[in-house]
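Engineer: There's a structure below that I have some questions on.
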Amino acid sequence: MKKKNENITRKEAIKKIGSYGKYTALTAIGTYLLLNPKTAQARSPIAPGGGF
Amino acid sequence: MGELVVKKIEAKNIVWFKNSNSYLVLEPIVTKILLKINKKVSLEEIETWVIKKVDAPKNVIKKFIVDIYSLYSENNRVTKEALLDTSNYKVPTKFFSKKQYSIKNRIFFFQFENEYLESKIHLIFAHLEVKNQTKFHFNYQVFENKNLILFVKNKKLIGRWKKEQAHVFQGKISMQLLIDCYKKPEEDWMGVFHASAVSNGKESLLFLGDSGSGKSTSLALLNANGFDCIADDFVPIDNNQDAYTYPAAISIKKKSVPTLLPFYPELDKIAEHHLKELHKIVRYLPPRNINYDLKLKCKALIFIKYNPEVEMEIKPISKIDAFQQLIPDSWISPIEKNATVFLEWFLELPSYQLTYSNNSKMIETVSKIFKDEL
């Protein structure tokens, strides 16, 4: 469950500045990653692990 | 004008916004536009510049630039942390338990109001417990008030957390222990990484990965095969880019016990703990030979993954991929000088994906990495 959430988090990091119709090159240039570190030094979060 | 730090990463740029502590990975042209916006260059001047670079009608380019203005504003907004509520609380007169831990020759005197709170902290530090100390250096009191967990250190309230945020409370205890153990204030630390770390006595390696990927098990295997354990789950690196030892026990999940028993026969006698909220059964393995004097530069970042179908495979991964995996799982100091140090540190480090199921081959590969023989 956690791994699925982590993959979703990574996909959510991909953002677009805007959409520019047929000017797809601009849309592509406007794709970026937004990443935020943790605001506090947490230990392993509450979630089931993979069991290894 | 906001404070930005810009670095090159492969064919793109990283832009760090101080006000929101956000890291953006952007195309170079977008970066240049952001920098012009930050310098308060006029929209008309920016348009003129972009028109020379991009083949698109003026109105489309204008929309593009206006959208980048929005991006700039959103990320340049100061995100203020909620002020600590220091309103009335009462330190209990009676505590369920008290524990004394010796960490780097300093005595930490902990008082836990109840068994639940004790279980959140004691298990990973139990191997450091000492008894009957007449003096202590630090007093950590942990208790509940109005359904919140409170942490008071040397009579000063450090924080309050909801129980769902217990892992953040644990992190705060860990950070305060770190600060007190090494007498280094928070602003001297570059970051704390959700990783495990080993050393060969000269350099360190960080193992990163999702929960359950094998970081702790790999650490225990390496610690039993000639490598020093620097830390499990909480790897502190200071703003001199040195990884420090953190003496917490290694959390070993039930499924890893058969793998580790040949190296740690004592695991058989170590008690299991059922962490109900996490649906995990773990044992806490004390690290072998805790050495607080180690302050080691990092050689590489290893994104590790146990996979029963792969014997041993290691390949470099792109810095952008590594960055994308690293940031959300890390605390990185929001101070500009430290964020700059962090970016310089990260950009110098090689990153690898290591997938394995053969323990000896994994250990051999780690050895090769340390010896530059990959």
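Residue numbering restarts at 1 for every chain of the structure tokens, chains are lettered A, B, ... in their displayed order, and ligands are numbered from 1 as they appear.
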Tell me which protein, DNA and RNA residues are within 12 Å of range 16-31 of chain A, counting only C-alpha atoms, leaving out same-chain ones fewer than 2 positions away, and put them as a PyMOL selection string.

Structural biologist: (chain A and resi 11-14+33-34) or (chain B and resi 12+24-31+33+50+53-57+59-72+74)

Engineer: Write out as JSON, numbers by chain each polymer residue whose atoms come within 6 Å of range 337-352 of chain B, counting only C-alpha atoms; drop sequence neighbours fewer than 4 positions from it.

Structural biologist: {"B": [190, 239, 300, 301, 302, 303, 315, 316, 317, 333]}

Engineer: Can those selected residues be exported to a file as a PDB file, in the first residue's frame so that it contains N, CA and C atoms?

Structural biologist:
ATOM      1  N   MET B 190      22.874  19.679   7.898  1.00  0.00           N
ATOM      2  CA  MET B 190      22.445  19.840   6.512  1.00  0.00           C
ATOM      3  C   MET B 190      21.126  19.095   6.281  1.00  0.00           C
ATOM      4  N   ASN B 239      26.520  20.308   8.001  1.00  0.00           N
ATOM      5  CA  ASN B 239      26.715  21.200   6.847  1.00  0.00           C
ATOM      6  C   ASN B 239      28.177  21.275   6.401  1.00  0.00           C
ATOM      7  N   ALA B 300      28.596   7.585  -2.076  1.00  0.00           N
ATOM      8  CA  ALA B 300      27.545   7.394  -3.079  1.00  0.00           C
ATOM      9  C   ALA B 300      26.201   7.201  -2.396  1.00  0.00           C
ATOM     10  N   LEU B 301      25.152   7.388  -3.196  1.00  0.00           N
ATOM     11  CA  LEU B 301      23.791   7.081  -2.745  1.00  0.00           C
ATOM     12  C   LEU B 301      23.382   5.787  -3.435  1.00  0.00           C
ATOM     13  N   ILE B 302      22.933   4.815  -2.636  1.00  0.00           N
ATOM     14  CA  ILE B 302      22.531   3.536  -3.220  1.00  0.00           C
ATOM     15  C   ILE B 302      21.028   3.362  -2.979  1.00  0.00           C
ATOM     16  N   PHE B 303      20.282   3.332  -4.056  1.00  0.00           N
ATOM     17  CA  PHE B 303      18.847   3.059  -3.944  1.00  0.00           C
ATOM     18  C   PHE B 303      18.710   1.548  -4.002  1.00  0.00           C
ATOM     19  N   LYS B 315      23.319  -0.526 -11.199  1.00  0.00           N
ATOM     20  CA  LYS B 315      23.492   0.374 -12.336  1.00  0.00           C
ATOM     21  C   LYS B 315      23.353   1.824 -11.873  1.00  0.00           C
ATOM     22  N   PRO B 316      24.068   2.706 -12.560  1.00  0.00           N
ATOM     23  CA  PRO B 316      23.932   4.117 -12.186  1.00  0.00           C
ATOM     24  C   PRO B 316      22.522   4.588 -12.536  1.00  0.00           C
ATOM     25  N   ILE B 317      21.995   5.509 -11.753  1.00  0.00           N
ATOM     26  CA  ILE B 317      20.723   6.113 -12.133  1.00  0.00           C
ATOM     27  C   ILE B 317      20.916   7.614 -12.328  1.00  0.00           C
ATOM     28  N   SER B 333      17.662  21.038   5.822  1.00  0.00           N
ATOM     29  CA  SER B 333      17.628  22.318   6.517  1.00  0.00           C
ATOM     30  C   SER B 333      17.116  23.416   5.594  1.00  0.00           C
TER      31      SER B 333
END

Engineer: For Gly214 in chain B, list every protein, DNA or RNA residue within 7 Å, evaluated using only C-alpha atoms, and leave out those in the same chain fewer than 2 positions away; present the list as a PyMOL selection string.

Structural biologist: (chain A and resi 52) or (chain B and resi 212+216-218+304-306)

Engineer: Write out as a list of chain:residue names the residues lying within 9 Å of Phe110 in chain B, counting only C-alpha atoms and excluding same-chain residues fewer than 4 positions away.

Structural biologist: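 Listed by chain and then number, they are B:Ser97, B:Lys98, B:Lys99, B:Gln100, B:Tyr101, B:Phe138, B:Asn139, B:Tyr140, B:Gln141, B:Val142.
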
Engineer: Which residues, written as a list of chain:residue names, have at least one atom at most 10 Å from Ser251 in chain B, with only C-alpha atoms counted and residues fewer than 6 positions away on the same chain left out?

Structural biologist: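 Once the adjacent positions are removed, what remains is B:Leu123, B:Ile124, B:Lys215, B:Ser216, B:Thr217, B:Ala220, B:Asp232, B:Asp233, B:Ile281, B:Val282, B:Arg283, B:Tyr284, B:Leu285, B:Pro286.
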
Engineer: Name the residues of range 114-191 of chain B that fall into helix (DSSP H, G or I) according to DSSP on the backbone, using the chain letters and numbers of this document, as a PyMOL selection string.

Structural biologist: chain B and resi 115-128+163-182+186-188

Engineer: Output C-alpha atoms of each residue in that selection to a file, as an mmCIF file, in the first residue's frame.

Structural biologist:
data_model
loop_
_atom_site.group_PDB
_atom_site.id
_atom_site.type_symbol
_atom_site.label_atom_id
_atom_site.label_comp_id
_atom_site.auth_asym_id
_atom_site.auth_seq_id
_atom_site.Cartn_x
_atom_site.Cartn_y
_atom_site.Cartn_z
ATOM 1 C CA GLU B 115 3.740 2.587 28.611
ATOM 2 C CA TYR B 116 2.610 3.730 25.162
ATOM 3 C CA LEU B 117 4.996 6.691 25.229
ATOM 4 C CA GLU B 118 7.813 4.570 26.611
ATOM 5 C CA SER B 119 7.364 2.085 23.759
ATOM 6 C CA LYS B 120 7.748 4.898 21.214
ATOM 7 C CA ILE B 121 11.246 5.725 22.377
ATOM 8 C CA HIS B 122 12.782 3.082 24.614
ATOM 9 C CA LEU B 123 12.949 0.132 22.236
ATOM 10 C CA ILE B 124 15.499 1.677 19.868
ATOM 11 C CA PHE B 125 17.663 2.964 22.708
ATOM 12 C CA ALA B 126 17.328 0.066 25.171
ATOM 13 C CA HIS B 127 20.879 -1.143 24.460
ATOM 14 C CA LEU B 128 22.172 2.232 25.705
ATOM 15 C CA LYS B 163 -0.975 10.631 18.120
ATOM 16 C CA GLU B 164 -1.327 10.163 14.337
ATOM 17 C CA GLN B 165 1.853 12.235 14.115
ATOM 18 C CA ALA B 166 3.732 10.068 16.605
ATOM 19 C CA HIS B 167 6.469 9.414 14.025
ATOM 20 C CA VAL B 168 7.103 13.183 13.857
ATOM 21 C CA PHE B 169 7.330 13.280 17.660
ATOM 22 C CA GLN B 170 9.831 10.408 17.487
ATOM 23 C CA GLY B 171 11.808 12.359 14.916
ATOM 24 C CA LYS B 172 11.901 15.402 17.153
ATOM 25 C CA ILE B 173 13.212 13.337 20.070
ATOM 26 C CA SER B 174 15.831 11.890 17.718
ATOM 27 C CA MET B 175 16.829 15.368 16.534
ATOM 28 C CA GLN B 176 17.158 16.721 20.054
ATOM 29 C CA LEU B 177 19.249 13.683 21.020
ATOM 30 C CA LEU B 178 21.446 14.342 18.013
ATOM 31 C CA ILE B 179 21.873 18.009 18.911
ATOM 32 C CA ASP B 180 22.689 17.194 22.540
ATOM 33 C CA CYS B 181 24.908 14.207 21.775
ATOM 34 C CA TYR B 182 27.196 16.159 19.440
ATOM 35 C CA GLU B 186 19.949 22.385 14.402
ATOM 36 C CA GLU B 187 21.337 25.048 12.080
ATOM 37 C CA ASP B 188 24.621 23.112 11.812
#

Engineer: Give me, please, the distance in Å between CA of Leu206 in chain B and CA of Glu364 in chain B, quoted to one decimal.

Structural biologist: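 Spanning CA of Leu206 in chain B to CA of Glu364 in chain B is a straight-line distance of 16.1 Å.
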
Engineer: So the first atom is CA of Lys36 in chain B and the second is CA of Val15 in chain B; what is the distance between them in Å, to one decimal place?

Structural biologist: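 That distance, rounded to one decimal, is 13.2 Å.
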
Engineer: Quote the spacing between CA of Asn88 in chain B and CA of Ala42 in chain A in Å to one decimal place.

Structural biologist: 25.5 Å

Engineer: Mind checking DSSP for range 73-245 of chain B and telling me the strand (DSSP E) residues as number ranges by chain?

Structural biologist: B: 97-103, 106-112, 129-130, 138-145, 148-153, 156-162, 189-193, 195-199, 203-208, 228-232, 235-238, 242-244

Engineer: Using C-alpha atoms, can you export the residues from the last selection as a PDB file, in the first residue's frame?

Structural biologist:
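Heads up, here's the output in again_17.pdb:
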ATOM      1  CA  SER B  97       8.854   4.862  34.059  1.00  0.00           C
ATOM      2  CA  LYS B  98      12.230   6.517  33.983  1.00  0.00           C
ATOM      3  CA  LYS B  99      15.174   5.455  31.910  1.00  0.00           C
ATOM      4  CA  GLN B 100      18.757   6.611  31.710  1.00  0.00           C
ATOM      5  CA  TYR B 101      20.684   6.286  28.494  1.00  0.00           C
ATOM      6  CA  SER B 102      24.393   6.795  28.021  1.00  0.00           C
ATOM      7  CA  ILE B 103      25.060   8.350  24.622  1.00  0.00           C
ATOM      8  CA  ARG B 106      26.403  11.906  28.307  1.00  0.00           C
ATOM      9  CA  ILE B 107      23.530  10.738  30.465  1.00  0.00           C
ATOM     10  CA  PHE B 108      20.039  11.348  29.148  1.00  0.00           C
ATOM     11  CA  PHE B 109      17.358  10.993  31.798  1.00  0.00           C
ATOM     12  CA  PHE B 110      13.982  10.143  30.260  1.00  0.00           C
ATOM     13  CA  GLN B 111      10.650  10.166  32.043  1.00  0.00           C
ATOM     14  CA  PHE B 112       7.663   8.529  30.320  1.00  0.00           C
ATOM     15  CA  GLU B 129      20.363   2.025  29.035  1.00  0.00           C
ATOM     16  CA  VAL B 130      22.388   2.485  32.205  1.00  0.00           C
ATOM     17  CA  PHE B 138      19.686  16.174  29.926  1.00  0.00           C
ATOM     18  CA  ASN B 139      16.144  15.573  31.166  1.00  0.00           C
ATOM     19  CA  TYR B 140      13.591  14.525  28.535  1.00  0.00           C
ATOM     20  CA  GLN B 141      10.001  14.338  29.770  1.00  0.00           C
ATOM     21  CA  VAL B 142       7.319  12.792  27.608  1.00  0.00           C
ATOM     22  CA  PHE B 143       3.645  12.916  28.589  1.00  0.00           C
ATOM     23  CA  GLU B 144       0.119  13.443  27.288  1.00  0.00           C
ATOM     24  CA  ASN B 145      -2.097  16.461  27.626  1.00  0.00           C
ATOM     25  CA  LEU B 148      -1.607  15.322  22.483  1.00  0.00           C
ATOM     26  CA  ILE B 149       1.905  14.016  23.070  1.00  0.00           C
ATOM     27  CA  LEU B 150       4.099  16.625  24.757  1.00  0.00           C
ATOM     28  CA  PHE B 151       7.884  16.672  24.938  1.00  0.00           C
ATOM     29  CA  VAL B 152       9.612  18.855  27.497  1.00  0.00           C
ATOM     30  CA  LYS B 153      13.401  19.032  27.569  1.00  0.00           C
ATOM     31  CA  LYS B 156      11.306  23.747  28.149  1.00  0.00           C
ATOM     32  CA  LEU B 157       8.413  22.649  25.923  1.00  0.00           C
ATOM     33  CA  ILE B 158       9.815  21.386  22.617  1.00  0.00           C
ATOM     34  CA  GLY B 159       6.603  20.306  20.902  1.00  0.00           C
ATOM     35  CA  ARG B 160       3.085  18.883  20.919  1.00  0.00           C
ATOM     36  CA  TRP B 161       1.801  16.292  18.488  1.00  0.00           C
ATOM     37  CA  LYS B 162      -1.368  14.365  17.727  1.00  0.00           C
ATOM     38  CA  TRP B 189      22.905  20.097  10.278  1.00  0.00           C
ATOM     39  CA  MET B 190      22.445  19.840   6.512  1.00  0.00           C
ATOM     40  CA  GLY B 191      19.831  17.091   6.580  1.00  0.00           C
ATOM     41  CA  VAL B 192      18.492  13.931   8.097  1.00  0.00           C
ATOM     42  CA  PHE B 193      17.808  11.107   5.661  1.00  0.00           C
ATOM     43  CA  ALA B 195      18.139   5.771   4.994  1.00  0.00           C
ATOM     44  CA  SER B 196      20.638   3.387   6.440  1.00  0.00           C
ATOM     45  CA  ALA B 197      24.338   4.169   6.328  1.00  0.00           C
ATOM     46  CA  VAL B 198      27.526   2.126   6.551  1.00  0.00           C
ATOM     47  CA  SER B 199      31.195   2.924   6.473  1.00  0.00           C
ATOM     48  CA  GLU B 203      33.895   6.941   3.844  1.00  0.00           C
ATOM     49  CA  SER B 204      30.196   6.272   4.096  1.00  0.00           C
ATOM     50  CA  LEU B 205      27.450   4.958   1.843  1.00  0.00           C
ATOM     51  CA  LEU B 206      23.774   5.763   2.163  1.00  0.00           C
ATOM     52  CA  PHE B 207      21.126   3.174   1.355  1.00  0.00           C
ATOM     53  CA  LEU B 208      17.798   4.627   0.383  1.00  0.00           C
ATOM     54  CA  ASP B 228      30.626  -0.055  10.533  1.00  0.00           C
ATOM     55  CA  CYS B 229      27.020   0.817  11.143  1.00  0.00           C
ATOM     56  CA  ILE B 230      26.561   4.566  10.999  1.00  0.00           C
ATOM     57  CA  ALA B 231      22.796   4.705  11.349  1.00  0.00           C
ATOM     58  CA  ASP B 232      19.477   3.039  10.612  1.00  0.00           C
ATOM     59  CA  VAL B 235      21.063   9.386   9.003  1.00  0.00           C
ATOM     60  CA  PRO B 236      22.305  12.827  10.050  1.00  0.00           C
ATOM     61  CA  ILE B 237      24.681  14.792   7.839  1.00  0.00           C
ATOM     62  CA  ASP B 238      26.114  18.107   8.982  1.00  0.00           C
ATOM     63  CA  ASP B 242      29.907  14.627   7.141  1.00  0.00           C
ATOM     64  CA  ALA B 243      27.691  11.699   8.092  1.00  0.00           C
ATOM     65  CA  TYR B 244      27.547  11.127  11.840  1.00  0.00           C
TER      66      TYR B 244
END
